[in-house]
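Below is one structure, written out as structure tokens; the observations come after it.
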Amino acid sequence: MAAIDLIVLGMLKKEPMGAYDIQKLVEYRNISKWVKISTPSIYKKAVQLEEKGFIKADIVKEGKMPEKAVYSLTNAGEKEFERLMLAIAANPIHIFLDFNAVIVNLDSLTPDGQKACMESIENSAAALRAYLEENLREKENIPEIPETGMAVLRQQLALAEAIENWVASFKKTFCG
């Protein structure tokens with residue numbers, strides 16, 4: 001997946017690091033909330049990118065810790081990073097919301113079932129908004145957090161708020 005490639009290459013563009021460090025940074029930045037990326041996919045992706053010549057691994061040993069591979073970008077990796085940046089930025093924007101599979105099938109449920117599903121979606125949207133608001137509050141005064149990272153959090157908050165508004169409007173028209 002090109003988005004995972006771009007995430008990994010982008011992190012390594014800033015500084016060399018091991019797959020474990022990349023995974024921890026993905027967790028810390030909550031990247032998995034807005035890009036489909038998992039811990040196993042990071043390790044697999046590091047191996048694939050190395051096989052393609054986009055990154056290289058240097059084996060290092062720190063103190064009594066076991067040896068580990070520290071990855072850095074190659075010249076080909078720099079070019080691939082730039083290519084992916086331009087290619088992904090030019091792609092059409094797709095918004096996939098799993099709950100839309102529920103929405104298109106609501107009329108196959110009883111009114112009580114419809115109401116229960118809509119309440120679940122409504123609760124999930126509210127929980128997402130609350131999580132993002134808290135995350136923004138926690139990170140807004142941390143200078144190490146890049147403005148681009150904060151921009152993604154604000155974008156996600158705007159989408160969560162839009163989903164909440166849409167759910168409220170849909171409930172009025174569909175559920176009465």
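By convention in this document, the chains of the structure tokens carry letters A, B, ... by their order, each chain's residues are numbered from 1, and ligands are numbered from 1 in the order they are shown.
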Find the residues of region 109-168 of chain A that sit at most 12 Å from region 24-39 of chain A; for each, write down the nearest two atoms and how far apart they are in Å, to one decimal. Count only C-alpha atoms. Sort by chain, then by number going up, and give it as CSV.
residue,atom,partner,partner_atom,distance
A:Leu128,CA,A:Lys33,CA,9.9
A:Tyr131,CA,A:Lys33,CA,10.9
A:Leu132,CA,A:Lys33,CA,10.1
A:Asn135,CA,A:Asn30,CA,9.4
A:Leu136,CA,A:Arg29,CA,11.3
A:Glu138,CA,A:Arg29,CA,12.0
A:Lys139,CA,A:Arg29,CA,10.0
A:Glu144,CA,A:Arg29,CA,11.5
A:Ile145,CA,A:Arg29,CA,8.8
A:Pro146,CA,A:Arg29,CA,10.3
A:Thr148,CA,A:Arg29,CA,11.2
A:Gly149,CA,A:Arg29,CA,7.6
A:Met150,CA,A:Arg29,CA,9.7
A:Val152,CA,A:Trp34,CA,8.5
A:Leu153,CA,A:Trp34,CA,9.2
A:Arg154,CA,A:Trp34,CA,11.9
A:Gln155,CA,A:Trp34,CA,10.1
A:Gln156,CA,A:Trp34,CA,7.8
A:Leu157,CA,A:Trp34,CA,11.2
A:Leu159,CA,A:Trp34,CA,11.1
A:Ala160,CA,A:Trp34,CA,11.8
File of the preceding selection, C-alpha atoms, as an mmCIF file, in the first residue's frame:
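Output saved as part.cif:
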data_model
loop_
_atom_site.group_PDB
_atom_site.id
_atom_site.type_symbol
_atom_site.label_atom_id
_atom_site.label_comp_id
_atom_site.auth_asym_id
_atom_site.auth_seq_id
_atom_site.Cartn_x
_atom_site.Cartn_y
_atom_site.Cartn_z
ATOM 1 C CA LEU A 128 -14.266 9.790 18.302
ATOM 2 C CA TYR A 131 -10.969 11.436 21.794
ATOM 3 C CA LEU A 132 -9.749 13.890 19.137
ATOM 4 C CA ASN A 135 -5.731 14.535 21.899
ATOM 5 C CA LEU A 136 -5.617 18.079 20.517
ATOM 6 C CA GLU A 138 -2.850 17.319 25.142
ATOM 7 C CA LYS A 139 -0.656 18.055 22.133
ATOM 8 C CA GLU A 144 7.927 18.819 19.254
ATOM 9 C CA ILE A 145 4.569 18.026 17.620
ATOM 10 C CA PRO A 146 4.824 19.214 14.004
ATOM 11 C CA THR A 148 1.356 19.078 10.007
ATOM 12 C CA GLY A 149 0.500 16.485 12.657
ATOM 13 C CA MET A 150 -1.758 18.973 14.423
ATOM 14 C CA VAL A 152 -4.316 16.125 10.602
ATOM 15 C CA LEU A 153 -5.814 16.011 14.110
ATOM 16 C CA ARG A 154 -7.875 19.131 13.347
ATOM 17 C CA GLN A 155 -8.957 17.583 10.030
ATOM 18 C CA GLN A 156 -10.064 14.405 11.789
ATOM 19 C CA LEU A 157 -11.964 16.459 14.375
ATOM 20 C CA LEU A 159 -14.745 15.072 9.962
ATOM 21 C CA ALA A 160 -15.958 13.621 13.275
#
Residue contacts of Lys68 (chain A) (10 Å, only C-alpha atoms) excluding same-chain residues fewer than 5 positions away, as a ChimeraX atom specification:
/A:17-20,57-62
Asn91 (chain A): which residues within 12 Å, counting only C-alpha atoms, same-chain residues fewer than 6 positions away excluded, as an MDAnalysis selection string?
chainID A and resid 2:3 84:85
Would you mind exporting the chosen residues as a short mmCIF file (atom, residue, chain, number, x, y, z; two decimals), in the first residue's frame, restricted to all heavy atoms?
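The file below, part.cif, is the result:
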data_model
loop_
_atom_site.label_atom_id
_atom_site.label_comp_id
_atom_site.auth_asym_id
_atom_site.auth_seq_id
_atom_site.Cartn_x
_atom_site.Cartn_y
_atom_site.Cartn_z
N ALA A 2 0.63 2.13 -0.91
CA ALA A 2 1.47 3.31 -1.08
C ALA A 2 1.46 4.22 0.15
O ALA A 2 2.49 4.84 0.46
CB ALA A 2 1.01 4.08 -2.31
N ALA A 3 0.35 4.31 0.85
CA ALA A 3 0.29 5.19 2.02
C ALA A 3 1.25 4.71 3.12
O ALA A 3 1.93 5.52 3.75
CB ALA A 3 -1.13 5.29 2.56
N LEU A 84 5.96 9.40 -4.40
CA LEU A 84 4.74 9.06 -3.67
C LEU A 84 4.02 10.30 -3.16
O LEU A 84 2.79 10.35 -3.18
CB LEU A 84 5.06 8.12 -2.50
CG LEU A 84 5.37 6.68 -2.86
CD1 LEU A 84 5.84 5.91 -1.63
CD2 LEU A 84 4.17 6.00 -3.48
N MET A 85 4.77 11.27 -2.69
CA MET A 85 4.14 12.51 -2.22
C MET A 85 3.28 13.13 -3.32
O MET A 85 2.11 13.46 -3.10
CB MET A 85 5.20 13.52 -1.75
CG MET A 85 5.85 13.19 -0.43
SD MET A 85 4.76 13.38 0.99
CE MET A 85 4.68 15.17 1.11
#
Quick one: DSSP strand (DSSP E) residues in region 53-90 of chain A, as number ranges by chain?
A: 55-60, 68-73
With N, CA and C atoms retained, export the selected residues as a compact mmCIF listing (two decimals), in the first residue's frame.
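And here is the file that came out, result-v8.txt:
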# COMPACT_ATOMS: atom_id res chain seq x y z
N ILE A 55 15.45 1.74 1.17
CA ILE A 55 16.06 1.97 2.48
C ILE A 55 17.19 0.95 2.66
N LYS A 56 18.11 1.27 3.54
CA LYS A 56 19.18 0.31 3.85
C LYS A 56 19.22 0.14 5.36
N ALA A 57 19.62 -1.06 5.76
CA ALA A 57 19.69 -1.37 7.18
C ALA A 57 21.15 -1.43 7.62
N ASP A 58 21.44 -0.77 8.72
CA ASP A 58 22.72 -0.91 9.38
C ASP A 58 22.46 -1.63 10.69
N ILE A 59 23.20 -2.67 10.96
CA ILE A 59 23.03 -3.43 12.20
C ILE A 59 23.85 -2.73 13.28
N VAL A 60 23.18 -2.35 14.36
CA VAL A 60 23.85 -1.64 15.47
C VAL A 60 23.58 -2.38 16.77
N LYS A 68 20.19 -4.61 16.42
CA LYS A 68 18.96 -4.26 15.71
C LYS A 68 19.31 -3.56 14.41
N ALA A 69 18.37 -3.65 13.47
CA ALA A 69 18.54 -2.98 12.19
C ALA A 69 18.03 -1.55 12.32
N VAL A 70 18.89 -0.61 11.95
CA VAL A 70 18.49 0.80 11.90
C VAL A 70 18.44 1.17 10.42
N TYR A 71 17.26 1.60 9.99
CA TYR A 71 17.03 1.89 8.58
C TYR A 71 17.25 3.37 8.27
N SER A 72 17.75 3.61 7.06
CA SER A 72 17.88 4.98 6.58
C SER A 72 17.52 4.98 5.10
N LEU A 73 17.18 6.16 4.60
CA LEU A 73 16.78 6.31 3.20
C LEU A 73 18.00 6.24 2.28
Determine which residues of region 71-176 of chain A receive a DSSP assignment of helix (DSSP H, G or I), computed from the backbone, and state them as a PyMOL selection string.
chain A and resi 75-90+100-103+106-108+111-139+147-175
Of A:Leu97, A:Ile142, A:Ala46, A:Val8, the one nearest to Phe81 (chain A) when counting only C-alpha atoms is A:Val8
Please measure the separation of CA of Ala168 (chain A) and CA of Ala130 (chain A), giving the value in Å to one decimal.
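About the pair CA of Ala168 (chain A) and CA of Ala130 (chain A): they are 16.6 Å apart.
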Using only C-alpha atoms, which residues sit within 12 Å of Asp5 (chain A) once same-chain residues fewer than 6 positions away are excluded, as a ChimeraX atom specification?
/A:11-13,22,35-37,41-50,52,54-55,73,77-78,80-85,88
